[in-house]
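Engineer: Structure incoming, see below.
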Amino acid sequence: MFDSKANSSHVLHVVGARPNFVKLAAVFTALKDRTIRQSIVHTGQHYDDDMSRIFFNQLGIPDPDFNLDVGSGSQAQQTSAIVSRFERVVIDARPALVMVYGDVNSTLAAALVCSKLLIPVAHVEAGLRSFDRTMPEEINRVLTDQMSSLLFTPSIDANRHLTKEGIPKAKVFLVGNVMIDTLKRLLPYVTADSTAELPEKYVLVTLHRPSNVDDTARLRQWLDTLEELSALLPVIFPVHPRTRQKILELGAHAHSATLQFCGPQPYLRFLWMEKNALCVITDSGGIQEETTFLGTPCLTVRDNTERPITIEMGTNVLVGLDRKRLKTEVEQIFIGFRKKGTIPPLWDGCAAERIASILSSQGL
Ligand code: UD1
């Protein structure tokens with residue numbers, strides 16, 4: 001499948017946002033011991049030190065070879081800036097394969113450029129579907145999968161979706177979850193400074209989906225609910241920059257005596273916080289997976305999830321936008337009724353190794 005004029009053993013990884021870095025770390029590590037040249041393009045979608053540089057350091061990923069510095073913007077601005085800046089890089093590099101990760105704008109933009117240039121794309125975390133086209137991520141998932149030559153899936157539901165969408169089975173490989181590879185590898189390296197100053201029992205919160213935070217009235221309601229919960233036990237809320245902006249817009253009303261706001265946390269510290277939390281309230285995709293692996297109860301404040309396996313097998317409960325239900329679920333967990341789960345097949349720390357073997361078998 002690889003072009004003979006291409007740089008035959010060169011893999012170019014494209015990443016842009018926090019969860020991409022965690023997935024790249026697994027694949028980069030697995031390919032390191034093979035006779036493959038790897039380089040990294042950082043699109044600059046996430047650029048603050050605490051959203052990017054700290055992750056590269058903790059995950060042991062080398063500095064990017066190229067930084068497109070696109071920064072923030074509307075969906076169209078960000079995606080089109082990546083498309084036009086990435087094209088030059090990929091034409092010059094002529095890699096044998098471009099690897100893209102997850103479902104962010106950087107993923108779609110890179111896949112689009114490569115498909116027009118007839119450069120093969122491998123999509124890591126292919127096939128997930130929420131069936132909710134109001135989320136930009138769902139558009140990114142569907143279109144990236146259509147343009148990919150190799151599709152690496154984390155769970156069997158993803159293979160079923162791809163079959164329904166007409167993707168030939170020969171392109172699709174069930175490899176497991178690369179995010180869990182990184183978690184398993186790095187959890188033993190959590191050090192004292194990552195574990196410091198956590199209460200014995202607490203609820204951990206992350207919210208950053210536009211549907212939850214862009215509407216300040218809805219955000220206000222979530223903050224009120226979290227504040228009510230914080231009368232029961234400490235509630236720790238590492239705030240994503242998108243959410244921080246919206247909380248600032250709420251001004252004085254956002255102040256809370258008991259809710260503990262903090263900035264985005266480094267990877268290792270956050271893993272430790274997830275592992276030891278009484279439960280996690282989130283609208284993130286990756287956190288639904290990490291909590292399932294760690295056995296921590298997860299309450300997802302969305303109407304749908306592209307990761308239903310975390311509900312069917314894991315510790316995840318979809319509470320939707322129902323604030324009363326959220327409170328009841330936390331109270332139940334507090335008095336000892338917590339959902340027990342099992343770890344889905346192939347979430348075993350070896351997903352990226354499987355990817356590496358498949359790439360060799362494809363002649364890379
Ligand atoms: C993006 C992904 C989302 C993923 C999330 C992980 C898309 C469509 N969304 O959402 O799927 O779950 O990353 O975090 O790709 N900002 C900063 N500093 C930064 C990065 C962002 O201040 O380093 C602020 C900017 O104001 C920006 C806003 O956060 O406008 C949102 O950033 P953006 O990358 O557009 O989307 P996320 O909400 O982070």
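Every chain in the structure tokens has a letter given in the order shown (A, B, ...), and although residue numbers restart at 1 in each chain, ligands are simply numbered from 1 in the order shown.
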As a PyMOL selection string, which residues of range 204-274 of chain A does DSSP assign to alpha helix (DSSP H)?

Structural biologist: chain A and resi 210-213+216-229+241-250+267-274

Engineer: Taking only C-alpha atoms and all ligand atoms into account, which residues have an atom no farther than 9 Å from ligand 1? I'd like them as a short mmCIF file (atom, residue, chain, number, x, y, z; two decimals) with all heavy atoms, in the first residue's frame.

Structural biologist:
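So the final result, stored in part_28.cif, reads:
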```cif
data_model
loop_
_atom_site.label_atom_id
_atom_site.label_comp_id
_atom_site.auth_asym_id
_atom_site.auth_seq_id
_atom_site.Cartn_x
_atom_site.Cartn_y
_atom_site.Cartn_z
N GLY A 16 -2.47 17.57 18.02
CA GLY A 16 -2.76 18.98 18.26
C GLY A 16 -3.31 19.26 19.64
O GLY A 16 -3.09 20.34 20.20
N ALA A 17 -4.05 18.30 20.19
CA ALA A 17 -4.75 18.58 21.45
C ALA A 17 -4.37 17.53 22.50
O ALA A 17 -3.90 16.45 22.17
CB ALA A 17 -6.26 18.57 21.21
N ARG A 18 -4.63 17.91 23.74
CA ARG A 18 -4.18 17.10 24.88
C ARG A 18 -4.38 15.59 24.72
O ARG A 18 -3.41 14.84 24.89
CB ARG A 18 -4.93 17.62 26.11
CG ARG A 18 -4.12 17.72 27.32
CD ARG A 18 -4.75 18.53 28.43
NE ARG A 18 -6.19 18.63 28.49
CZ ARG A 18 -6.86 19.13 29.53
NH1 ARG A 18 -6.20 19.54 30.60
NH2 ARG A 18 -8.17 19.24 29.51
N PRO A 19 -5.59 15.12 24.43
CA PRO A 19 -5.74 13.66 24.36
C PRO A 19 -4.93 13.01 23.24
O PRO A 19 -4.54 11.85 23.34
CB PRO A 19 -7.26 13.46 24.11
CG PRO A 19 -7.80 14.79 23.74
CD PRO A 19 -6.87 15.83 24.24
N ASN A 20 -4.64 13.78 22.18
CA ASN A 20 -3.78 13.25 21.11
C ASN A 20 -2.39 12.90 21.65
O ASN A 20 -1.79 11.92 21.23
CB ASN A 20 -3.53 14.30 20.01
CG ASN A 20 -4.72 14.63 19.15
OD1 ASN A 20 -4.67 15.59 18.39
ND2 ASN A 20 -5.77 13.84 19.22
N GLY A 44 -0.49 22.91 17.03
CA GLY A 44 -0.64 24.12 17.85
C GLY A 44 -2.08 24.38 18.27
O GLY A 44 -2.40 25.45 18.79
N GLN A 45 -2.97 23.37 18.06
CA GLN A 45 -4.37 23.56 18.51
C GLN A 45 -4.41 23.84 20.01
O GLN A 45 -5.11 24.73 20.47
CB GLN A 45 -5.20 22.31 18.14
CG GLN A 45 -6.64 22.40 18.61
CD GLN A 45 -7.54 21.29 18.08
OE1 GLN A 45 -7.17 20.53 17.19
NE2 GLN A 45 -8.74 21.20 18.62
N HIS A 46 -3.66 23.05 20.77
CA HIS A 46 -3.45 23.38 22.19
C HIS A 46 -2.02 23.90 22.34
O HIS A 46 -1.09 23.29 21.84
CB HIS A 46 -3.68 22.16 23.08
CG HIS A 46 -5.14 21.84 23.25
ND1 HIS A 46 -5.60 20.75 23.92
CD2 HIS A 46 -6.26 22.51 22.82
CE1 HIS A 46 -6.94 20.74 23.92
NE2 HIS A 46 -7.35 21.79 23.24
N TYR A 47 -1.86 25.02 23.00
CA TYR A 47 -0.58 25.72 22.97
C TYR A 47 -0.12 26.16 24.36
O TYR A 47 1.06 26.38 24.59
CB TYR A 47 -0.67 26.95 22.05
CG TYR A 47 -1.96 27.71 22.25
CD1 TYR A 47 -2.06 28.69 23.23
CD2 TYR A 47 -3.10 27.43 21.51
CE1 TYR A 47 -3.26 29.37 23.45
CE2 TYR A 47 -4.29 28.09 21.72
CZ TYR A 47 -4.37 29.06 22.69
OH TYR A 47 -5.55 29.71 22.93
N ASP A 48 -1.02 26.34 25.33
CA ASP A 48 -0.57 26.74 26.67
C ASP A 48 0.38 25.66 27.21
O ASP A 48 0.19 24.48 26.93
CB ASP A 48 -1.76 26.83 27.65
CG ASP A 48 -2.64 28.05 27.36
OD1 ASP A 48 -2.19 28.95 26.63
OD2 ASP A 48 -3.79 28.07 27.86
N ASP A 49 1.36 26.08 28.00
CA ASP A 49 2.31 25.11 28.57
C ASP A 49 1.59 23.97 29.29
O ASP A 49 1.93 22.81 29.14
CB ASP A 49 3.25 25.79 29.56
CG ASP A 49 4.43 26.42 28.82
OD1 ASP A 49 4.50 26.27 27.58
OD2 ASP A 49 5.26 27.06 29.49
N ASP A 50 0.57 24.35 30.09
CA ASP A 50 -0.08 23.29 30.88
C ASP A 50 -1.05 22.44 30.07
O ASP A 50 -1.60 21.46 30.57
CB ASP A 50 -0.75 23.86 32.15
CG ASP A 50 -1.76 24.96 31.84
OD1 ASP A 50 -2.06 25.19 30.66
OD2 ASP A 50 -2.26 25.58 32.80
N MET A 51 -1.26 22.79 28.80
CA MET A 51 -2.09 21.95 27.92
C MET A 51 -1.21 21.18 26.92
O MET A 51 -1.73 20.35 26.17
CB MET A 51 -3.04 22.83 27.10
CG MET A 51 -4.02 23.64 27.91
SD MET A 51 -5.32 22.63 28.61
CE MET A 51 -6.34 22.35 27.16
N SER A 52 0.08 21.50 26.86
CA SER A 52 0.90 20.92 25.80
C SER A 52 2.29 20.51 26.31
O SER A 52 2.59 19.33 26.46
CB SER A 52 1.00 21.92 24.65
OG SER A 52 1.84 21.45 23.66
N GLY A 71 -3.10 27.79 16.77
CA GLY A 71 -3.83 28.43 17.87
C GLY A 71 -5.33 28.22 17.79
O GLY A 71 -5.81 27.29 17.13
N SER A 72 -6.06 29.11 18.48
CA SER A 72 -7.52 28.95 18.59
C SER A 72 -8.24 29.68 17.46
O SER A 72 -7.66 30.52 16.78
CB SER A 72 -7.99 29.51 19.92
OG SER A 72 -7.34 28.85 20.97
N GLY A 73 -9.51 29.35 17.31
CA GLY A 73 -10.35 30.01 16.29
C GLY A 73 -11.65 29.27 16.18
O GLY A 73 -11.88 28.30 16.90
N SER A 74 -12.49 29.71 15.26
CA SER A 74 -13.74 28.99 15.02
C SER A 74 -13.38 27.62 14.43
O SER A 74 -12.23 27.39 14.03
CB SER A 74 -14.62 29.77 14.05
OG SER A 74 -14.01 29.76 12.77
N GLN A 75 -14.37 26.76 14.32
CA GLN A 75 -14.13 25.43 13.73
C GLN A 75 -13.46 25.58 12.35
O GLN A 75 -12.48 24.93 12.04
CB GLN A 75 -15.46 24.67 13.58
CG GLN A 75 -16.12 24.32 14.90
CD GLN A 75 -15.34 23.27 15.66
OE1 GLN A 75 -14.89 22.29 15.10
NE2 GLN A 75 -15.14 23.50 16.94
N GLN A 78 -9.81 27.24 12.50
CA GLN A 78 -8.77 26.35 13.02
C GLN A 78 -8.49 25.22 12.01
O GLN A 78 -7.33 24.93 11.70
CB GLN A 78 -9.25 25.75 14.35
CG GLN A 78 -8.17 25.06 15.13
CD GLN A 78 -8.69 24.65 16.51
OE1 GLN A 78 -9.68 23.92 16.60
NE2 GLN A 78 -8.03 25.11 17.55
N THR A 79 -9.56 24.62 11.48
CA THR A 79 -9.38 23.49 10.56
C THR A 79 -8.67 23.95 9.29
O THR A 79 -7.73 23.30 8.81
CB THR A 79 -10.75 22.85 10.23
OG1 THR A 79 -11.42 22.56 11.45
CG2 THR A 79 -10.60 21.57 9.44
N GLY A 102 -7.60 10.09 17.31
CA GLY A 102 -8.82 10.59 17.95
C GLY A 102 -9.73 11.34 17.01
O GLY A 102 -9.91 10.98 15.84
N ASP A 103 -10.28 12.45 17.52
CA ASP A 103 -11.42 13.08 16.83
C ASP A 103 -11.38 14.60 16.86
O ASP A 103 -12.40 15.26 16.76
CB ASP A 103 -12.73 12.59 17.46
CG ASP A 103 -12.78 12.86 18.97
OD1 ASP A 103 -11.96 13.65 19.47
OD2 ASP A 103 -13.65 12.27 19.64
N VAL A 104 -10.19 15.16 17.02
CA VAL A 104 -10.14 16.63 17.14
C VAL A 104 -9.97 17.26 15.75
O VAL A 104 -9.77 16.56 14.76
CB VAL A 104 -9.02 17.09 18.12
CG1 VAL A 104 -9.23 16.46 19.48
CG2 VAL A 104 -7.65 16.78 17.59
N ASN A 105 -10.04 18.58 15.69
CA ASN A 105 -9.94 19.24 14.38
C ASN A 105 -8.63 18.94 13.67
O ASN A 105 -8.58 18.84 12.45
CB ASN A 105 -10.13 20.76 14.55
CG ASN A 105 -11.57 21.11 14.92
OD1 ASN A 105 -12.48 20.30 14.72
ND2 ASN A 105 -11.77 22.31 15.47
N SER A 106 -7.55 18.80 14.43
CA SER A 106 -6.25 18.47 13.84
C SER A 106 -6.30 17.13 13.12
O SER A 106 -5.64 16.94 12.08
CB SER A 106 -5.18 18.41 14.94
OG SER A 106 -5.15 19.61 15.66
N THR A 107 -7.06 16.20 13.65
CA THR A 107 -7.18 14.85 13.07
C THR A 107 -7.80 14.94 11.68
O THR A 107 -7.28 14.42 10.69
CB THR A 107 -8.09 13.98 13.98
OG1 THR A 107 -7.68 14.14 15.33
CG2 THR A 107 -8.06 12.54 13.56
N LEU A 108 -8.93 15.61 11.61
CA LEU A 108 -9.64 15.73 10.33
C LEU A 108 -8.82 16.52 9.32
O LEU A 108 -8.70 16.12 8.14
CB LEU A 108 -10.99 16.45 10.55
CG LEU A 108 -11.72 16.82 9.26
CD1 LEU A 108 -12.15 15.59 8.49
CD2 LEU A 108 -12.93 17.71 9.56
N MET A 135 -22.05 17.54 17.44
CA MET A 135 -20.70 17.67 18.03
C MET A 135 -19.66 17.68 16.92
O MET A 135 -19.66 16.77 16.07
CB MET A 135 -20.42 16.50 18.97
CG MET A 135 -21.31 16.48 20.20
SD MET A 135 -21.00 15.00 21.17
CE MET A 135 -19.39 15.36 21.84
N PRO A 136 -18.76 18.66 16.93
CA PRO A 136 -17.75 18.69 15.86
C PRO A 136 -16.93 17.39 15.81
O PRO A 136 -16.53 16.95 14.74
CB PRO A 136 -16.85 19.88 16.21
CG PRO A 136 -17.20 20.26 17.62
CD PRO A 136 -18.57 19.77 17.88
N GLU A 137 -16.73 16.78 16.96
CA GLU A 137 -15.93 15.56 17.01
C GLU A 137 -16.55 14.44 16.17
O GLU A 137 -15.83 13.62 15.58
CB GLU A 137 -15.76 15.06 18.45
CG GLU A 137 -14.91 15.94 19.35
CD GLU A 137 -15.67 17.12 19.94
OE1 GLU A 137 -16.86 17.30 19.63
OE2 GLU A 137 -15.05 17.86 20.73
N ASN A 140 -15.72 14.95 12.65
CA ASN A 140 -14.29 14.62 12.48
C ASN A 140 -14.08 13.11 12.41
O ASN A 140 -13.29 12.61 11.59
CB ASN A 140 -13.47 15.21 13.64
CG ASN A 140 -13.49 16.73 13.66
OD1 ASN A 140 -13.86 17.36 12.67
ND2 ASN A 140 -13.10 17.33 14.78
N HIS A 208 -15.80 20.53 29.62
CA HIS A 208 -15.29 21.45 28.60
C HIS A 208 -16.08 21.41 27.30
O HIS A 208 -15.78 22.16 26.37
CB HIS A 208 -13.81 21.18 28.31
CG HIS A 208 -13.60 19.94 27.50
ND1 HIS A 208 -13.68 18.69 28.04
CD2 HIS A 208 -13.33 19.77 26.18
CE1 HIS A 208 -13.46 17.78 27.10
NE2 HIS A 208 -13.25 18.41 25.95
N ARG A 209 -17.07 20.51 27.19
CA ARG A 209 -17.84 20.43 25.94
C ARG A 209 -18.61 21.73 25.73
O ARG A 209 -19.25 22.23 26.68
CB ARG A 209 -18.85 19.30 25.98
CG ARG A 209 -18.25 17.95 26.09
CD ARG A 209 -17.83 17.41 24.75
NE ARG A 209 -16.94 16.29 24.99
CZ ARG A 209 -15.99 15.91 24.16
NH1 ARG A 209 -15.80 16.54 23.02
NH2 ARG A 209 -15.22 14.88 24.45
N PRO A 210 -18.60 22.26 24.50
CA PRO A 210 -19.38 23.47 24.23
C PRO A 210 -20.82 23.35 24.72
O PRO A 210 -21.38 24.29 25.28
CB PRO A 210 -19.33 23.58 22.70
CG PRO A 210 -18.05 22.91 22.32
CD PRO A 210 -17.83 21.82 23.33
N HIS A 240 -10.60 23.61 32.34
CA HIS A 240 -10.10 23.72 30.96
C HIS A 240 -10.16 25.20 30.54
O HIS A 240 -11.08 25.92 30.96
CB HIS A 240 -11.02 22.86 30.09
CG HIS A 240 -10.64 22.78 28.64
ND1 HIS A 240 -10.87 23.79 27.75
CD2 HIS A 240 -10.06 21.79 27.92
CE1 HIS A 240 -10.44 23.44 26.55
NE2 HIS A 240 -9.95 22.22 26.63
N PRO A 241 -9.25 25.67 29.69
CA PRO A 241 -9.26 27.10 29.31
C PRO A 241 -10.57 27.57 28.70
O PRO A 241 -11.00 28.70 28.95
CB PRO A 241 -8.12 27.23 28.29
CG PRO A 241 -7.38 25.96 28.29
CD PRO A 241 -8.09 24.95 29.14
N ARG A 242 -11.22 26.71 27.91
CA ARG A 242 -12.52 27.11 27.35
C ARG A 242 -13.51 27.40 28.48
O ARG A 242 -14.23 28.40 28.46
CB ARG A 242 -13.07 25.97 26.47
CG ARG A 242 -14.48 26.20 25.96
CD ARG A 242 -15.05 24.92 25.39
NE ARG A 242 -14.55 24.60 24.04
CZ ARG A 242 -14.99 25.18 22.92
NH1 ARG A 242 -15.91 26.12 22.97
NH2 ARG A 242 -14.50 24.83 21.77
N THR A 243 -13.51 26.54 29.49
CA THR A 243 -14.44 26.67 30.61
C THR A 243 -14.05 27.87 31.48
O THR A 243 -14.92 28.60 31.98
CB THR A 243 -14.43 25.36 31.44
OG1 THR A 243 -14.54 24.27 30.53
CG2 THR A 243 -15.56 25.31 32.45
N ARG A 244 -12.74 28.06 31.64
CA ARG A 244 -12.27 29.20 32.45
C ARG A 244 -12.80 30.51 31.90
O ARG A 244 -13.30 31.36 32.64
CB ARG A 244 -10.72 29.20 32.46
CG ARG A 244 -10.11 30.33 33.30
CD ARG A 244 -8.60 30.31 33.21
NE ARG A 244 -8.15 30.53 31.84
CZ ARG A 244 -7.07 29.97 31.30
NH1 ARG A 244 -6.31 29.15 31.99
NH2 ARG A 244 -6.73 30.22 30.05
N GLN A 245 -12.71 30.65 30.58
CA GLN A 245 -13.23 31.88 29.95
C GLN A 245 -14.69 32.11 30.29
O GLN A 245 -15.12 33.22 30.59
CB GLN A 245 -13.12 31.77 28.44
CG GLN A 245 -11.86 32.32 27.85
CD GLN A 245 -11.77 32.00 26.36
OE1 GLN A 245 -12.78 31.79 25.70
NE2 GLN A 245 -10.56 31.97 25.86
N ASP A 283 -17.45 15.36 31.05
CA ASP A 283 -18.03 15.25 29.72
C ASP A 283 -16.95 14.89 28.70
O ASP A 283 -17.15 14.98 27.50
CB ASP A 283 -18.77 16.54 29.32
CG ASP A 283 -17.89 17.77 29.36
OD1 ASP A 283 -16.65 17.65 29.53
OD2 ASP A 283 -18.44 18.89 29.21
N SER A 284 -15.78 14.46 29.20
CA SER A 284 -14.67 14.07 28.32
C SER A 284 -14.83 12.63 27.86
O SER A 284 -15.41 11.80 28.56
CB SER A 284 -13.36 14.22 29.11
OG SER A 284 -12.42 13.26 28.72
N GLY A 285 -14.28 12.32 26.69
CA GLY A 285 -14.32 10.94 26.20
C GLY A 285 -13.26 10.08 26.87
O GLY A 285 -13.55 9.01 27.41
N GLY A 286 -12.02 10.58 26.84
CA GLY A 286 -10.90 9.80 27.37
C GLY A 286 -11.06 9.48 28.85
O GLY A 286 -10.68 8.39 29.30
#
```

Engineer: Taking only C-alpha atoms into account, name the residue in A:Ile36, A:Val142, A:Leu151, A:Met273 that is nearest to Val205 in chain A.

Structural biologist: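 The answer is A:Met273, which sits nearest to Val205 in chain A.
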
Engineer: Find the residue from A:Pro234, A:Gly336, A:Gly320, A:Pro168 that sits nearest to Leu198 in chain A; use only C-alpha atoms when measuring.

Structural biologist: A:Pro234

Engineer: Taking into account only C-alpha atoms, which residue in the set A:Ile167, A:Met1, A:Ala231, A:Met99 is nearest to Lys23 in chain A?

Structural biologist: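 For Lys23 in chain A, the nearest of the given residues is A:Met99.
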
Engineer: Can you measure CA of Lys171 in chain A to CA of Ser357 in chain A for me? One decimal in Å is fine.

Structural biologist: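 Atom-to-atom, CA of Lys171 in chain A to CA of Ser357 in chain A, that is 14.5 Å.
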
Engineer: Tell me, as a VMD selection string, which residues lie within 7 Å of range 176-185 of chain A, counting only C-alpha atoms; anything in the same chain fewer than 5 positions away does not count.

Structural biologist: chain A and resid 22 to 23 25 to 26 153 to 155 290 346 to 352

Engineer: Restricting it to N, CA and C atoms, dump the selection as a CSV table (one decimal), in the first residue's frame.

Structural biologist:
```
chain,number,residue,atom,x,y,z
A,22,VAL,N,-1.5,11.9,24.5
A,22,VAL,CA,-1.5,10.7,25.3
A,22,VAL,C,-1.4,9.4,24.4
A,23,LYS,N,-2.2,9.5,23.3
A,23,LYS,CA,-2.3,8.4,22.4
A,23,LYS,C,-1.0,8.3,21.6
A,25,ALA,N,1.9,9.1,22.6
A,25,ALA,CA,3.0,8.5,23.4
A,25,ALA,C,3.1,7.0,23.3
A,26,ALA,N,1.9,6.4,23.3
A,26,ALA,CA,1.9,4.9,23.2
A,26,ALA,C,2.5,4.4,21.8
A,153,THR,N,-9.0,0.2,15.7
A,153,THR,CA,-10.1,0.4,16.5
A,153,THR,C,-9.8,0.0,18.0
A,154,PRO,N,-10.5,0.7,18.9
A,154,PRO,CA,-10.3,0.3,20.3
A,154,PRO,C,-11.2,-0.8,20.9
A,155,SER,N,-12.4,-1.0,20.2
A,155,SER,CA,-13.3,-1.9,20.7
A,155,SER,C,-14.2,-2.4,19.6
A,290,GLU,N,-10.5,6.1,31.0
A,290,GLU,CA,-9.5,5.9,32.0
A,290,GLU,C,-10.2,5.4,33.3
A,346,LEU,N,-8.7,-6.3,25.3
A,346,LEU,CA,-7.6,-5.6,24.6
A,346,LEU,C,-7.3,-4.3,25.2
A,347,TRP,N,-7.8,-3.9,26.3
A,347,TRP,CA,-7.4,-2.7,27.0
A,347,TRP,C,-6.3,-3.2,28.0
A,348,ASP,N,-5.2,-3.7,27.4
A,348,ASP,CA,-4.3,-4.5,28.2
A,348,ASP,C,-2.9,-3.9,28.2
A,349,GLY,N,-2.7,-2.7,27.6
A,349,GLY,CA,-1.4,-2.0,27.6
A,349,GLY,C,-0.6,-2.4,26.3
A,350,CYS,N,-1.1,-3.2,25.4
A,350,CYS,CA,-0.4,-3.7,24.3
A,350,CYS,C,-1.0,-3.3,23.0
A,351,ALA,N,-1.9,-2.3,23.0
A,351,ALA,CA,-2.5,-1.9,21.7
A,351,ALA,C,-1.5,-1.3,20.7
A,352,ALA,N,-0.6,-0.5,21.2
A,352,ALA,CA,0.3,0.1,20.3
A,352,ALA,C,1.3,-0.9,19.7
```

Engineer: I'd like to know which of A:Leu204, A:Ala110, A:Leu31, A:Leu229 is closest to Cys298 in chain A, using only C-alpha atoms.

Structural biologist: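 Under the stated criterion, the closest residue is A:Leu204.
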
Engineer: Could you list, as an MDAnalysis selection string, every residue within 9 Å of Val203 in chain A, counting only C-alpha atoms and ignoring same-chain residues fewer than 4 positions away?

Structural biologist: chainID A and resid 229:230 233:237 277:281 330

Engineer: Mind checking which residues fall within 10 Å of Leu186 in chain A, counting only C-alpha atoms, ignoring those fewer than 4 positions away in the same chain, and posting them as a VMD selection string?

Structural biologist: chain A and resid 58 to 60 180 to 182 190 267 to 268 271

Engineer: Pick out the closest residue to Phe334 in chain A from this set: A:Leu232, A:Ala356, A:Pro95, A:Leu143. Count only C-alpha atoms.

Structural biologist: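 Looking at the shortest contact to Phe334 in chain A, the residue is A:Leu232.
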
Engineer: Using CA of Leu294 in chain A and CA of Ile343 in chain A as the two end points, give the distance in Å to one decimal.

Structural biologist: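 Separating CA of Leu294 in chain A from CA of Ile343 in chain A is a distance of 8.7 Å.
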
Engineer: Given the choices A:Met313, A:Pro297, A:Lys169, A:Ser39, which gets closest to Ser9 in chain A if the distance is worked out from only C-alpha atoms?

Structural biologist: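 Under the stated criterion, the closest residue is A:Ser39.
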
Engineer: For CA of Thr328 in chain A and CA of Leu248 in chain A, quote the distance in Å rounded to one decimal.

Structural biologist: 28.5 Å

Engineer: Hey, what's within 8 Å of range 10-13 of chain A if we count only C-alpha atoms and toss same-chain stuff fewer than 2 positions away? As an mmCIF file with N, CA and C atoms, in the first residue's frame, please?

Structural biologist:
```cif
data_model
loop_
_atom_site.group_PDB
_atom_site.id
_atom_site.type_symbol
_atom_site.label_atom_id
_atom_site.label_comp_id
_atom_site.auth_asym_id
_atom_site.auth_seq_id
_atom_site.Cartn_x
_atom_site.Cartn_y
_atom_site.Cartn_z
ATOM 1 N N ASN A 7 9.295 8.377 1.261
ATOM 2 C CA ASN A 7 10.387 8.067 2.165
ATOM 3 C C ASN A 7 9.988 6.793 2.901
ATOM 4 N N SER A 8 10.510 5.628 2.441
ATOM 5 C CA SER A 8 9.831 4.351 2.668
ATOM 6 C C SER A 8 9.621 3.942 4.123
ATOM 7 N N VAL A 15 -0.439 15.625 15.729
ATOM 8 C CA VAL A 15 -1.197 15.797 16.978
ATOM 9 C C VAL A 15 -1.465 17.277 17.194
ATOM 10 N N LEU A 24 -0.432 9.440 21.144
ATOM 11 C CA LEU A 24 0.843 9.434 20.424
ATOM 12 C C LEU A 24 1.935 8.775 21.261
ATOM 13 N N ILE A 36 12.095 2.316 11.930
ATOM 14 C CA ILE A 36 11.182 3.277 11.318
ATOM 15 C C ILE A 36 11.630 4.659 11.749
ATOM 16 N N ARG A 37 11.678 5.608 10.807
ATOM 17 C CA ARG A 37 11.952 6.992 11.204
ATOM 18 C C ARG A 37 10.624 7.650 11.543
ATOM 19 N N GLN A 38 10.581 8.291 12.708
ATOM 20 C CA GLN A 38 9.332 8.931 13.113
ATOM 21 C C GLN A 38 9.550 10.435 13.240
ATOM 22 N N SER A 39 8.598 11.207 12.780
ATOM 23 C CA SER A 39 8.624 12.628 13.122
ATOM 24 C C SER A 39 7.221 13.074 13.538
ATOM 25 N N ILE A 40 7.208 14.231 14.217
ATOM 26 C CA ILE A 40 5.962 14.698 14.840
ATOM 27 C C ILE A 40 5.619 16.096 14.348
ATOM 28 N N VAL A 41 4.369 16.264 13.941
ATOM 29 C CA VAL A 41 3.842 17.605 13.646
ATOM 30 C C VAL A 41 2.879 17.967 14.775
ATOM 31 N N PRO A 95 6.234 11.447 3.684
ATOM 32 C CA PRO A 95 6.273 10.244 4.523
ATOM 33 C C PRO A 95 5.569 9.070 3.850
ATOM 34 N N ALA A 96 5.926 7.865 4.291
ATOM 35 C CA ALA A 96 5.228 6.681 3.773
ATOM 36 C C ALA A 96 3.827 6.606 4.361
ATOM 37 N N LEU A 97 3.675 7.132 5.586
ATOM 38 C CA LEU A 97 2.396 7.031 6.272
ATOM 39 C C LEU A 97 2.236 8.207 7.224
ATOM 40 N N VAL A 98 1.024 8.743 7.299
ATOM 41 C CA VAL A 98 0.706 9.772 8.298
ATOM 42 C C VAL A 98 -0.246 9.154 9.314
ATOM 43 N N MET A 99 0.082 9.303 10.591
ATOM 44 C CA MET A 99 -0.794 8.755 11.633
ATOM 45 C C MET A 99 -1.533 9.887 12.320
ATOM 46 N N VAL A 100 -2.852 9.744 12.423
ATOM 47 C CA VAL A 100 -3.681 10.743 13.106
ATOM 48 C C VAL A 100 -4.426 10.062 14.247
#
```

Engineer: Taking 4 positions as the minimum chain separation for residues in the same chain, which residues sit within 12 Å of Ala217 in chain A when counting only C-alpha atoms? Answer as a list in words.

Structural biologist: Ser211, Asn212, Val213, Gln221, Trp222, Leu223, Asp224, Lys246, Ile247, Glu249, Leu250, His253 and Ala254 of chain A
